[in-house]
$ cat my_file_9.csv   # CSV, C-alpha atoms
chain,number,residue,atom,x,y,z
F,1,MET,CA,87.1,116.4,59.1
F,2,LYS,CA,89.3,116.7,62.1
F,3,THR,CA,92.3,114.4,62.3
F,4,GLU,CA,91.8,111.6,64.8
F,5,PRO,CA,94.2,111.8,67.7
F,6,SER,CA,96.6,108.8,68.0
F,7,ALA,CA,95.6,105.9,70.2
F,8,ALA,CA,98.5,106.6,72.6
F,9,ASP,CA,97.2,110.2,72.9
F,10,GLU,CA,93.8,109.0,74.1
F,11,PHE,CA,95.5,107.2,76.9
F,12,VAL,CA,98.1,109.9,77.8
F,13,LYS,CA,95.6,112.9,77.9
F,14,GLY,CA,94.0,111.6,81.1
F,15,LEU,CA,97.3,111.5,82.9
F,16,TRP,CA,98.2,115.2,82.8
F,17,ARG,CA,96.7,117.5,80.2
F,18,GLU,CA,93.1,116.6,81.0
F,19,ASN,CA,93.7,115.1,84.4
F,20,PRO,CA,90.2,114.5,85.9
F,21,VAL,CA,91.0,115.9,89.3
F,22,PHE,CA,93.6,118.6,88.8
F,23,VAL,CA,92.3,120.0,85.5
F,24,GLN,CA,88.7,119.1,85.1
F,25,VAL,CA,87.9,119.2,88.8
F,26,LEU,CA,85.5,116.2,88.6
F,27,GLY,CA,84.8,113.5,91.1
F,28,MET,CA,85.7,115.6,94.1
F,29,CYS,CA,83.8,113.7,96.8
F,30,PRO,CA,85.8,110.5,96.9
F,31,VAL,CA,89.0,112.5,96.2
F,32,LEU,CA,88.7,114.4,99.4
F,33,ALA,CA,87.0,111.8,101.6
F,34,VAL,CA,89.3,108.8,101.2
F,35,SER,CA,92.6,110.5,100.6
F,36,ASN,CA,93.6,110.5,104.3
F,37,THR,CA,96.2,107.7,103.8
F,38,ALA,CA,98.1,106.7,100.7
F,39,MET,CA,96.8,103.1,100.9
F,40,ASN,CA,93.1,104.2,100.9
F,41,ALA,CA,93.7,106.6,98.1
F,42,LEU,CA,95.4,104.0,96.0
F,43,ALA,CA,92.6,101.4,96.6
F,44,MET,CA,89.9,104.0,95.8
F,45,GLY,CA,91.8,105.0,92.6
F,46,LEU,CA,92.1,101.4,91.4
F,47,ALA,CA,88.4,100.6,92.2
F,48,THR,CA,87.3,103.7,90.2
F,49,THR,CA,89.7,102.8,87.3
F,50,PHE,CA,88.1,99.4,87.1
F,51,VAL,CA,84.6,100.7,87.1
F,52,MET,CA,85.4,103.4,84.5
F,53,PHE,CA,87.2,101.0,82.2
F,54,MET,CA,84.4,98.4,82.3
F,55,SER,CA,81.6,101.0,82.0
F,56,ASN,CA,83.3,102.8,79.1
F,57,THR,CA,83.8,99.5,77.3
F,58,LEU,CA,80.2,98.5,77.7
F,59,VAL,CA,78.8,101.9,76.9
F,60,ALA,CA,80.9,102.1,73.7
F,61,THR,CA,79.8,98.6,72.7
F,62,LEU,CA,76.1,99.4,73.2
F,63,ARG,CA,76.3,102.9,71.8
F,64,HIS,CA,74.1,102.2,68.8
F,65,VAL,CA,71.6,100.1,70.8
F,66,ILE,CA,70.8,102.5,73.7
F,67,PRO,CA,67.9,104.8,72.8
F,68,LYS,CA,68.9,108.4,73.2
F,69,GLN,CA,66.1,109.3,75.6
F,70,VAL,CA,67.0,106.8,78.3
F,71,ARG,CA,70.8,106.9,77.8
F,72,ILE,CA,71.6,108.5,81.2
F,73,ALA,CA,69.5,106.1,83.1
F,74,THR,CA,71.1,103.2,81.2
F,75,TYR,CA,74.6,104.5,81.9
F,76,ILE,CA,73.9,104.7,85.6
F,77,LEU,CA,72.5,101.2,85.7
F,78,ILE,CA,75.6,99.9,83.9
F,79,ILE,CA,77.9,101.8,86.3
F,80,ALA,CA,75.9,100.6,89.4
F,81,THR,CA,76.3,97.0,88.3
F,82,PHE,CA,80.1,97.2,88.1
F,83,VAL,CA,80.2,99.1,91.4
F,84,THR,CA,78.3,96.4,93.1
F,85,ILE,CA,80.9,93.9,91.8
F,86,VAL,CA,83.8,96.0,93.1
F,87,ASP,CA,82.1,96.5,96.4
F,88,TYR,CA,81.7,92.7,97.0
F,89,ALA,CA,85.2,92.0,95.6
F,90,ILE,CA,86.9,94.4,98.1
F,91,GLU,CA,84.9,93.0,100.9
F,92,ALA,CA,86.1,89.6,100.0
F,93,ILE,CA,89.8,90.6,99.6
F,94,SER,CA,90.2,92.9,102.7
F,95,LEU,CA,87.5,93.6,105.3
F,96,GLU,CA,89.8,96.2,106.8
F,97,LEU,CA,90.0,98.2,103.6
F,98,HIS,CA,86.3,97.8,103.1
F,99,ALA,CA,85.6,99.3,106.5
F,100,ALA,CA,88.1,102.2,105.8
F,101,LEU,CA,86.5,103.1,102.5
F,102,GLY,CA,83.0,102.6,103.8
F,103,ALA,CA,80.1,103.9,101.8
F,104,PHE,CA,82.5,105.6,99.4
F,105,ILE,CA,82.8,102.4,97.3
F,106,ALA,CA,79.1,102.4,96.8
F,107,LEU,CA,79.2,106.1,96.0
F,108,ILE,CA,81.5,105.5,93.0
F,109,VAL,CA,78.1,105.2,91.2
F,110,VAL,CA,77.5,108.9,91.4
F,111,ASN,CA,81.0,109.9,90.7
F,112,CYS,CA,80.4,112.5,88.1
F,113,LEU,CA,83.7,111.7,86.4
F,114,ILE,CA,82.5,108.2,85.3
F,115,LEU,CA,79.1,109.4,84.1
F,116,GLY,CA,80.9,112.3,82.4
F,117,ARG,CA,83.3,110.0,80.4
F,118,ALA,CA,80.4,107.7,79.4
F,119,GLU,CA,78.4,110.6,78.1
F,120,ALA,CA,81.1,112.8,76.7
F,121,PHE,CA,83.4,110.1,75.3
F,122,ALA,CA,82.4,106.5,75.3
F,123,SER,CA,79.0,107.1,73.7
F,124,LYS,CA,80.6,108.7,70.6
F,125,HIS,CA,83.8,106.7,70.1
F,126,THR,CA,84.8,103.1,69.1
F,127,VAL,CA,85.3,100.4,71.7
F,128,PRO,CA,89.2,100.4,71.7
F,129,ARG,CA,89.3,104.2,72.0
F,130,ALA,CA,86.8,104.2,74.9
F,131,MET,CA,88.8,101.5,76.6
F,132,LEU,CA,92.0,103.5,76.3
F,133,ASP,CA,90.2,106.7,77.5
F,134,GLY,CA,88.7,104.9,80.5
F,135,LEU,CA,92.1,103.5,81.4
F,136,GLY,CA,93.9,106.8,81.0
F,137,MET,CA,91.4,108.8,83.0
F,138,GLY,CA,91.4,106.1,85.6
F,139,VAL,CA,95.2,106.2,86.0
F,140,GLY,CA,95.2,110.0,86.1
F,141,PHE,CA,92.5,109.8,88.8
F,142,THR,CA,94.5,107.3,90.8
F,143,PHE,CA,97.7,109.4,90.4
F,144,ALA,CA,95.9,112.5,91.7
F,145,LEU,CA,94.4,110.6,94.6
F,146,PHE,CA,97.8,109.3,95.5
F,147,CYS,CA,99.3,112.8,95.3
F,148,LEU,CA,96.8,113.9,97.9
F,149,GLY,CA,96.9,110.8,100.0
F,150,ALA,CA,100.7,110.7,100.2
F,151,VAL,CA,100.9,114.3,101.3
F,152,ARG,CA,98.1,114.0,103.9
F,153,GLU,CA,99.5,110.8,105.4
F,154,LEU,CA,103.1,112.1,105.5
F,155,LEU,CA,102.2,115.4,107.2
F,156,GLY,CA,99.3,114.1,109.3
F,157,ASN,CA,100.8,110.9,110.5
F,158,GLY,CA,104.5,111.0,109.6
F,159,SER,CA,104.2,107.7,107.7
F,160,LEU,CA,103.7,106.4,104.1
F,161,PHE,CA,101.7,103.2,103.5
F,162,GLY,CA,101.6,102.8,107.3
F,163,VAL,CA,105.4,102.8,107.6
F,164,ALA,CA,106.9,105.6,109.6
F,165,VAL,CA,109.3,107.6,107.5
F,166,LEU,CA,109.7,110.8,109.4
F,167,PRO,CA,111.8,110.9,112.6
F,168,ALA,CA,109.9,110.5,115.9
F,169,ALA,CA,110.7,114.2,116.7
F,170,PHE,CA,108.3,115.2,114.0
F,171,GLU,CA,105.0,116.5,115.5
F,172,PRO,CA,102.2,115.2,113.2
F,173,TRP,CA,99.8,117.9,111.8
F,174,ILE,CA,96.6,116.3,112.9
F,175,VAL,CA,94.6,118.8,110.8
F,176,MET,CA,95.8,117.0,107.6
F,177,ILE,CA,94.0,113.8,108.5
F,178,LEU,CA,90.8,115.7,109.4
F,179,PRO,CA,88.3,116.8,106.7
F,180,GLY,CA,89.8,120.4,106.5
F,181,GLY,CA,93.2,119.0,105.6
F,182,GLY,CA,91.6,117.4,102.5
F,183,PHE,CA,90.4,120.8,101.3
F,184,PHE,CA,93.7,122.5,102.0
F,185,THR,CA,95.9,119.8,100.3
F,186,LEU,CA,93.8,119.9,97.2
F,187,ALA,CA,93.9,123.7,97.1
F,188,ALA,CA,97.6,123.6,97.4
F,189,TRP,CA,98.0,121.1,94.5
F,190,LEU,CA,95.7,123.2,92.4
F,191,LEU,CA,97.8,126.3,93.2
F,192,PHE,CA,100.9,124.4,92.2
F,193,ILE,CA,99.5,123.3,88.9
F,194,ASN,CA,98.1,126.8,88.2
F,195,TYR,CA,101.6,128.1,88.8
F,196,LEU,CA,103.1,125.6,86.4
F,197,LYS,CA,100.5,126.4,83.7
F,198,ARG,CA,101.1,130.2,84.0
F,199,ARG,CA,104.9,129.7,83.9
F,200,ASP,CA,104.5,127.6,80.7
F,201,ALA,CA,102.2,130.2,79.2
F,202,GLU,CA,104.7,133.0,80.0
F,203,ARG,CA,107.6,131.1,78.5
F,204,ALA,CA,105.6,130.5,75.4
F,205,ALA,CA,104.8,134.2,75.2
F,206,LEU,CA,108.5,135.1,75.6
F,207,ALA,CA,109.5,132.6,72.9
F,208,GLU,CA,106.9,134.1,70.7
F,209,ALA,CA,108.2,137.6,71.3
F,210,ALA,CA,111.8,136.7,70.7
F,211,ARG,CA,111.1,135.2,67.3
I,1,MET,CA,67.2,99.0,116.3
I,2,ASN,CA,68.9,102.2,117.0
I,3,GLU,CA,67.5,104.1,120.0
I,4,GLN,CA,69.1,107.5,119.3
I,5,PRO,CA,66.7,110.4,120.2
I,6,LEU,CA,65.4,112.4,117.3
I,7,TRP,CA,66.9,115.8,118.2
I,8,SER,CA,70.3,114.2,118.5
I,9,ILE,CA,69.9,112.7,115.0
I,10,PHE,CA,69.0,116.1,113.6
I,11,VAL,CA,71.8,118.0,115.2
I,12,ASN,CA,74.3,115.3,114.3
I,13,ALA,CA,73.4,115.3,110.6
I,14,ALA,CA,73.1,119.1,110.3
I,15,LEU,CA,76.1,120.3,112.3
I,16,VAL,CA,78.5,117.7,113.8
I,17,ASN,CA,78.7,115.4,110.8
I,18,ASN,CA,77.7,117.9,108.2
I,19,PHE,CA,77.3,116.1,104.9
I,20,VAL,CA,79.4,118.6,102.9
I,21,LEU,CA,82.1,119.7,105.4
I,22,ALA,CA,82.7,116.4,107.3
I,23,TYR,CA,81.6,113.7,104.9
I,24,PHE,CA,82.6,115.4,101.6
I,25,LEU,CA,79.2,114.5,100.0
I,26,GLY,CA,77.8,116.8,97.4
I,27,ILE,CA,81.0,118.7,96.8
I,28,CYS,CA,80.2,119.2,93.1
I,29,PRO,CA,77.1,121.3,93.6
I,30,PHE,CA,78.8,122.8,96.7
I,31,LEU,CA,81.6,124.3,94.5
I,32,GLY,CA,79.5,124.7,91.4
I,33,VAL,CA,76.3,126.5,92.7
I,34,SER,CA,77.8,128.5,95.6
I,35,ALA,CA,78.7,131.6,93.6
I,36,LYS,CA,75.4,133.4,94.4
I,37,VAL,CA,73.3,133.4,97.6
I,38,GLU,CA,70.0,133.2,95.7
I,39,THR,CA,70.9,130.1,93.7
I,40,ALA,CA,72.4,128.5,96.8
I,41,VAL,CA,69.1,128.8,98.6
I,42,ARG,CA,67.1,127.3,95.7
I,43,MET,CA,69.6,124.4,95.4
I,44,GLY,CA,69.5,123.8,99.1
I,45,GLY,CA,65.7,123.7,99.1
I,46,ALA,CA,65.6,121.3,96.1
I,47,VAL,CA,68.2,119.0,97.7
I,48,THR,CA,66.4,118.9,101.1
I,49,PHE,CA,63.1,118.1,99.3
I,50,VAL,CA,64.6,115.3,97.3
I,51,MET,CA,66.4,114.0,100.3
I,52,LEU,CA,63.1,113.6,102.2
I,53,VAL,CA,61.4,111.8,99.3
I,54,SER,CA,64.3,109.5,98.6
I,55,SER,CA,64.8,108.7,102.3
I,56,VAL,CA,61.2,107.4,102.4
I,57,CYS,CA,61.8,105.4,99.2
I,58,ALA,CA,65.1,104.0,100.4
I,59,PHE,CA,63.5,102.9,103.7
I,60,ALA,CA,60.8,101.0,101.7
I,61,ILE,CA,63.3,99.4,99.3
I,62,HIS,CA,65.5,98.2,102.0
I,63,ARG,CA,62.6,96.4,103.7
I,64,ILE,CA,61.5,94.9,100.4
I,65,LEU,CA,64.9,93.7,99.4
I,66,ILE,CA,65.6,92.1,102.8
I,67,ALA,CA,62.2,90.4,102.6
I,68,ILE,CA,62.9,88.8,99.2
I,69,GLY,CA,66.5,88.0,100.2
I,70,ALA,CA,68.3,90.1,97.5
I,71,PRO,CA,70.4,92.7,99.4
I,72,PHE,CA,73.0,92.8,96.6
I,73,LEU,CA,70.5,94.6,94.4
I,74,GLU,CA,70.3,97.5,97.0
I,75,LEU,CA,72.7,99.9,95.2
I,76,ILE,CA,71.2,99.4,91.8
I,77,ALA,CA,67.7,99.7,93.2
I,78,PHE,CA,68.5,102.9,95.2
I,79,ILE,CA,70.0,104.8,92.3
I,80,ALA,CA,67.3,103.7,89.9
I,81,VAL,CA,64.6,104.8,92.3
I,82,ILE,CA,66.3,108.0,93.2
I,83,ALA,CA,66.7,108.9,89.5
I,84,SER,CA,63.1,108.1,88.7
I,85,THR,CA,61.8,109.9,91.8
I,86,VAL,CA,63.7,113.0,90.8
I,87,GLN,CA,62.1,112.7,87.3
I,88,LEU,CA,58.6,112.2,88.8
I,89,VAL,CA,59.0,115.1,91.3
I,90,GLU,CA,60.1,117.3,88.4
I,91,MET,CA,57.0,116.4,86.4
I,92,PHE,CA,54.8,116.9,89.4
I,93,ILE,CA,56.2,120.3,90.2
I,94,LYS,CA,56.0,121.4,86.6
I,95,LYS,CA,52.3,120.5,86.6
I,96,THR,CA,51.3,122.0,90.0
I,97,SER,CA,53.6,125.0,90.4
I,98,PRO,CA,55.2,126.4,87.3
I,99,ALA,CA,56.7,129.2,89.4
I,100,LEU,CA,58.6,126.8,91.7
I,101,PHE,CA,59.6,124.8,88.6
I,102,ARG,CA,61.2,127.8,87.0
I,103,ALA,CA,62.9,128.7,90.3
I,104,LEU,CA,64.5,125.3,90.6
I,105,GLY,CA,65.3,125.0,86.9
I,106,ILE,CA,68.3,122.9,86.0
I,107,PHE,CA,69.0,122.1,89.7
I,108,LEU,CA,66.4,119.4,89.9
I,109,PRO,CA,67.8,117.0,87.3
I,110,LEU,CA,71.3,117.6,88.5
I,111,ILE,CA,70.4,116.3,92.0
I,112,THR,CA,70.3,112.8,90.6
I,113,THR,CA,74.1,112.7,90.5
I,114,ASN,CA,74.5,114.4,93.9
I,115,CYS,CA,76.2,111.9,96.0
I,116,ALA,CA,74.7,113.4,99.2
I,117,ILE,CA,71.4,111.9,98.2
I,118,LEU,CA,72.7,108.4,97.6
I,119,GLY,CA,75.0,108.7,100.6
I,120,LEU,CA,72.0,109.6,102.8
I,121,ALA,CA,70.1,106.5,101.6
I,122,LEU,CA,73.1,104.3,102.3
I,123,PHE,CA,73.9,105.8,105.7
I,124,GLN,CA,70.4,105.5,107.0
I,125,THR,CA,70.3,101.9,106.0
I,126,ASN,CA,73.7,101.2,107.7
I,127,LYS,CA,72.7,102.9,110.9
I,128,GLY,CA,69.4,100.9,111.1
I,129,TYR,CA,67.2,104.0,111.7
I,130,ASN,CA,63.5,103.4,111.9
I,131,PHE,CA,61.1,105.4,109.7
I,132,VAL,CA,60.7,108.5,111.9
I,133,GLN,CA,64.4,108.6,112.7
I,134,ALA,CA,65.2,108.3,108.9
I,135,LEU,CA,62.9,111.3,108.3
I,136,PHE,CA,64.7,113.4,110.9
I,137,TYR,CA,68.1,112.3,109.5
I,138,ALA,CA,67.1,113.4,106.0
I,139,LEU,CA,65.8,116.8,107.4
I,140,GLY,CA,69.0,117.3,109.3
I,141,ALA,CA,71.2,116.4,106.3
I,142,GLY,CA,69.2,118.8,104.1
I,143,ALA,CA,69.4,121.6,106.6
I,144,GLY,CA,73.2,121.0,107.0
I,145,PHE,CA,73.7,121.1,103.2
I,146,MET,CA,71.7,124.3,102.9
I,147,LEU,CA,73.7,125.9,105.7
I,148,ALA,CA,77.0,125.0,104.2
I,149,LEU,CA,75.9,126.2,100.8
I,150,LEU,CA,74.6,129.5,102.2
I,151,LEU,CA,77.8,130.2,104.2
I,152,MET,CA,80.0,129.4,101.2
I,153,ALA,CA,77.9,131.6,98.9
I,154,GLY,CA,78.0,134.5,101.3
I,155,ILE,CA,81.7,134.3,101.6
I,156,ARG,CA,82.2,133.9,97.8
I,157,GLU,CA,80.1,137.0,97.1
I,158,LYS,CA,82.4,139.0,99.3
I,159,LEU,CA,85.5,137.4,97.7
I,160,GLU,CA,84.6,138.7,94.3
I,161,PHE,CA,85.6,142.2,95.4
I,162,ALA,CA,88.7,141.0,97.2
I,163,ASP,CA,92.2,141.6,95.8
I,164,MET,CA,93.8,138.3,95.3
I,165,PRO,CA,96.8,136.9,93.4
I,166,ASP,CA,95.7,135.5,90.0
I,167,ALA,CA,96.8,132.0,90.7
I,168,VAL,CA,94.5,131.6,93.7
I,169,GLN,CA,91.4,132.6,91.9
I,170,GLY,CA,88.6,130.2,91.1
I,171,THR,CA,88.6,126.7,92.5
I,172,ALA,CA,91.7,127.1,94.7
I,173,ILE,CA,90.3,129.9,96.8
I,174,ALA,CA,87.0,128.1,97.0
I,175,LEU,CA,88.7,125.0,98.4
I,176,ILE,CA,90.7,127.0,101.0
I,177,VAL,CA,87.5,128.7,102.2
I,178,ALA,CA,85.8,125.3,102.4
I,179,GLY,CA,88.7,124.0,104.4
I,180,ILE,CA,88.4,126.8,106.9
I,181,LEU,CA,84.6,126.3,107.1
I,182,SER,CA,85.2,122.6,107.7
I,183,LEU,CA,87.6,123.4,110.6
I,184,THR,CA,85.0,125.7,112.0
I,185,PHE,CA,82.3,123.1,111.9
I,186,MET,CA,84.6,120.8,113.9
I,187,GLY,CA,83.9,123.0,116.8
I,188,PHE,CA,80.4,121.4,116.9
I,189,GLY,CA,82.0,118.1,117.8
I,190,GLY,CA,80.4,116.5,120.9
I,191,LEU,CA,77.1,118.3,120.4
I,192,GLY,CA,74.1,116.0,120.5
I,193,ALA,CA,76.2,112.9,121.1

$ encode --input "my_file_9.csv" --output "structure tokens"
Amino acid sequence: MKTEPSAADEFVKGLWRENPVFVQVLGMCPVLAVSNTAMNALAMGLATTFVMFMSNTLVATLRHVIPKQVRIATYILIIATFVTIVDYAIEAISLELHAALGAFIALIVVNCLILGRAEAFASKHTVPRAMLDGLGMGVGFTFALFCLGAVRELLGNGSLFGVAVLPAAFEPWIVMILPGGGFFTLAAWLLFINYLKRRDAERAALAEAAR
Amino acid sequence: MNEQPLWSIFVNAALVNNFVLAYFLGICPFLGVSAKVETAVRMGGAVTFVMLVSSVCAFAIHRILIAIGAPFLELIAFIAVIASTVQLVEMFIKKTSPALFRALGIFLPLITTNCAILGLALFQTNKGYNFVQALFYALGAGAGFMLALLLMAGIREKLEFADMPDAVQGTAIALIVAGILSLTFMGFGGLGA
């Protein structure tokens, strides 16, 4: 039998090595749609993390009870329940944020990342592990969203979290706030990460050759 | 009630506010199924069809939930009904037209988790469209999805023979192409307003 990865590893893998956005390229719709400012990106990331954590926990708890044939439908209902809670919670906390995120809070239901984790991980592992996995993936997702949101807000608006940081002489790149900018920013991040990966692989190959 | 003329709803959903390139809905199938023109056409057809069916369902659900005073169940009801509709449609097509069923293949079940479908149901409710308007909205959204998918697939088939640096290949180049397409579609802004 394979050795079980440590509990810390279940959490850490979501941050970088199996980062949901940069490596697995899952859950793209909200990533591109709400990452036009750092604040929206952070809020969306936190909402998704909460839903993923709760649904992973519940799916892992019920994994022996849910019949195999209807498992996907059950997962979706579980996820939809938590999304409804988050939707109403955000509306109660900040109407402004609720308006900015719009229908994308409700659309967390069909985020393939959450369903993917429920099916691929939570349904096969114990509750504590599923919780750690959900949390790790959520934090990784939030991190990626923030990376995009920060770049887009900085270049498109000259500000970060609504505070102007670039000098007034800076001409904002309007395109970064527009939908096209979302695609370009994500493409740039993927390029950067591809570059890092290739560099690491080359170094490993060199070290191998030197030995 | 919303008094927007029908042609304006159609043009808006298909071009100006294209679901894929302006609202970022259905990006997963957009990136996943756009490698070949033929599969792109099939996927587009399947999505348009399911959009029409679920648009009708969503319209009915919204009315029922308002009538019984339980709007907080809307999201759960929408997704449950969309999922079962897709299942039903799949069974129906399998029975009546095996050829079409084989053509659609894996795409039909995948549509359940396509956010464009749920997004359509939510948007049409938010905008307060009446029944006919909702139908045209669904048609426009489906046509827009098909158009975006086709354009993307056409470009990607060409890209296969292009000489590119290794690091750009795969998702990165697809995203850059999508970005340029998205900028292009912004040229439709103001049409049908």

$ residues_around --input "my_file_9.csv" --residues "range 133-143 of chain F" --least-positions-apart "3" --cutoff "9 Å" --atoms "all atoms listed in the file" --output "PDB file with C-alpha atoms, in the coordinates of the input"
ATOM      1  CA  GLU F  10      93.800 109.000  74.100  1.00  0.00           C
ATOM      2  CA  PHE F  11      95.500 107.200  76.900  1.00  0.00           C
ATOM      3  CA  VAL F  12      98.100 109.900  77.800  1.00  0.00           C
ATOM      4  CA  LYS F  13      95.600 112.900  77.900  1.00  0.00           C
ATOM      5  CA  GLY F  14      94.000 111.600  81.100  1.00  0.00           C
ATOM      6  CA  LEU F  15      97.300 111.500  82.900  1.00  0.00           C
ATOM      7  CA  TRP F  16      98.200 115.200  82.800  1.00  0.00           C
ATOM      8  CA  GLU F  18      93.100 116.600  81.000  1.00  0.00           C
ATOM      9  CA  ASN F  19      93.700 115.100  84.400  1.00  0.00           C
ATOM     10  CA  PRO F  20      90.200 114.500  85.900  1.00  0.00           C
ATOM     11  CA  VAL F  21      91.000 115.900  89.300  1.00  0.00           C
ATOM     12  CA  PHE F  22      93.600 118.600  88.800  1.00  0.00           C
ATOM     13  CA  GLY F  27      84.800 113.500  91.100  1.00  0.00           C
ATOM     14  CA  VAL F  31      89.000 112.500  96.200  1.00  0.00           C
ATOM     15  CA  ALA F  41      93.700 106.600  98.100  1.00  0.00           C
ATOM     16  CA  LEU F  42      95.400 104.000  96.000  1.00  0.00           C
ATOM     17  CA  ALA F  43      92.600 101.400  96.600  1.00  0.00           C
ATOM     18  CA  MET F  44      89.900 104.000  95.800  1.00  0.00           C
ATOM     19  CA  GLY F  45      91.800 105.000  92.600  1.00  0.00           C
ATOM     20  CA  LEU F  46      92.100 101.400  91.400  1.00  0.00           C
ATOM     21  CA  THR F  48      87.300 103.700  90.200  1.00  0.00           C
ATOM     22  CA  THR F  49      89.700 102.800  87.300  1.00  0.00           C
ATOM     23  CA  PHE F  50      88.100  99.400  87.100  1.00  0.00           C
ATOM     24  CA  VAL F  51      84.600 100.700  87.100  1.00  0.00           C
ATOM     25  CA  MET F  52      85.400 103.400  84.500  1.00  0.00           C
ATOM     26  CA  PHE F  53      87.200 101.000  82.200  1.00  0.00           C
ATOM     27  CA  MET F  54      84.400  98.400  82.300  1.00  0.00           C
ATOM     28  CA  SER F  55      81.600 101.000  82.000  1.00  0.00           C
ATOM     29  CA  ASN F  56      83.300 102.800  79.100  1.00  0.00           C
ATOM     30  CA  THR F  57      83.800  99.500  77.300  1.00  0.00           C
ATOM     31  CA  LEU F 113      83.700 111.700  86.400  1.00  0.00           C
ATOM     32  CA  ILE F 114      82.500 108.200  85.300  1.00  0.00           C
ATOM     33  CA  ARG F 117      83.300 110.000  80.400  1.00  0.00           C
ATOM     34  CA  ALA F 118      80.400 107.700  79.400  1.00  0.00           C
ATOM     35  CA  PHE F 121      83.400 110.100  75.300  1.00  0.00           C
ATOM     36  CA  ALA F 122      82.400 106.500  75.300  1.00  0.00           C
ATOM     37  CA  PRO F 128      89.200 100.400  71.700  1.00  0.00           C
ATOM     38  CA  ARG F 129      89.300 104.200  72.000  1.00  0.00           C
ATOM     39  CA  ALA F 130      86.800 104.200  74.900  1.00  0.00           C
ATOM     40  CA  PHE F 146      97.800 109.300  95.500  1.00  0.00           C
ATOM     41  CA  CYS F 147      99.300 112.800  95.300  1.00  0.00           C
ATOM     42  CA  LEU F 148      96.800 113.900  97.900  1.00  0.00           C
TER      43      LEU F 148
END

$ residues_around --input "my_file_9.csv" --residues "Thr39 in chain I" --least-positions-apart "2" --cutoff "10 Å" --atoms "only C-alpha atoms" --output "list in words"
Val33, Ser34, Ala35, Lys36, Val37, Val41, Arg42, Met43, Gly44, Gly45, Ala103, Leu104, Phe107, Leu149, Leu150 and Ala153 of chain I

$ closest_residue --input "my_file_9.csv" --among "I:Ala121, I:Met91, I:Leu139, I:Cys57" --to "chain F" --atoms "all atoms listed in the file"
I:Ala121

$ interface_residues --input "my_file_9.csv" --of "chain F" --to "chain I" --cutoff "7 Å" --atoms "all atoms listed in the file" --output "ChimeraX atom specification"
/F:28-29,32-33,77,80-81,84,107,110,112,179-181,183-184,187,190-191,194-195

$ atom_distance --input "my_file_9.csv" --atom1 "CA of Val56 in chain I" --atom2 "CA of Tyr129 in chain I"
11.6 Å

$ closest_residue --input "my_file_9.csv" --among "F:Ala60, F:Ala210, F:Ala106, F:Ala144" --to "Val83 in chain F" --atoms "all atoms listed in the file"
F:Ala106

$ residues_around --input "my_file_9.csv" --residues "Ala168 in chain F" --least-positions-apart "2" --cutoff "12 Å" --atoms "only C-alpha atoms" --output "PyMOL selection string"
chain F and resi 157-159+164-166+170-172

$ atom_distance --input "my_file_9.csv" --atom1 "CA of Val47 in chain I" --atom2 "CA of Gly142 in chain I"
6.5 Å

$ closest_residue --input "my_file_9.csv" --among "I:Leu147, I:Ala141, I:Leu100, I:Ile66" --to "Phe19 in chain I" --atoms "only C-alpha atoms"
I:Ala141

$ residues_near_point --input "my_file_9.csv" --point "(76.2, 101.0, 72.7)" --cutoff "10 Å" --atoms "only C-alpha atoms" --output "list in words"
Asn56, Thr57, Leu58, Val59, Ala60, Thr61, Leu62, Arg63, His64, Val65, Ile66, Pro67, Arg71, Tyr75, Ala122, Ser123, Lys124, His125, Thr126 and Val127 of chain F

$ build_atoms --input "my_file_9.csv" --residues "range 164-170 of chain F" --atoms "N, CA, C and O atoms" --output "PDB file, in the frame of the given file"
ATOM      1  N   ALA F 164     106.388 104.289 109.174  1.00  0.00           N
ATOM      2  CA  ALA F 164     106.900 105.600 109.600  1.00  0.00           C
ATOM      3  C   ALA F 164     108.117 105.985 108.845  1.00  0.00           C
ATOM      4  O   ALA F 164     109.079 105.217 108.790  1.00  0.00           O
ATOM      5  N   VAL F 165     108.114 107.143 108.230  1.00  0.00           N
ATOM      6  CA  VAL F 165     109.300 107.600 107.500  1.00  0.00           C
ATOM      7  C   VAL F 165     109.928 108.823 108.087  1.00  0.00           C
ATOM      8  O   VAL F 165     111.116 109.053 107.920  1.00  0.00           O
ATOM      9  N   LEU F 166     109.114 109.639 108.772  1.00  0.00           N
ATOM     10  CA  LEU F 166     109.700 110.800 109.400  1.00  0.00           C
ATOM     11  C   LEU F 166     110.194 110.519 110.779  1.00  0.00           C
ATOM     12  O   LEU F 166     109.666 109.613 111.439  1.00  0.00           O
ATOM     13  N   PRO F 167     111.237 111.209 111.249  1.00  0.00           N
ATOM     14  CA  PRO F 167     111.800 110.900 112.600  1.00  0.00           C
ATOM     15  C   PRO F 167     110.714 111.171 113.659  1.00  0.00           C
ATOM     16  O   PRO F 167     109.759 111.932 113.462  1.00  0.00           O
ATOM     17  N   ALA F 168     110.902 110.491 114.796  1.00  0.00           N
ATOM     18  CA  ALA F 168     109.900 110.500 115.900  1.00  0.00           C
ATOM     19  C   ALA F 168     109.722 111.960 116.401  1.00  0.00           C
ATOM     20  O   ALA F 168     108.682 112.287 116.975  1.00  0.00           O
ATOM     21  N   ALA F 169     110.760 112.817 116.214  1.00  0.00           N
ATOM     22  CA  ALA F 169     110.700 114.200 116.700  1.00  0.00           C
ATOM     23  C   ALA F 169     109.642 115.008 115.969  1.00  0.00           C
ATOM     24  O   ALA F 169     109.220 116.067 116.423  1.00  0.00           O
ATOM     25  N   PHE F 170     109.218 114.499 114.790  1.00  0.00           N
ATOM     26  CA  PHE F 170     108.300 115.200 114.000  1.00  0.00           C
ATOM     27  C   PHE F 170     106.886 115.207 114.625  1.00  0.00           C
ATOM     28  O   PHE F 170     106.359 114.150 114.968  1.00  0.00           O
TER      29      PHE F 170
END
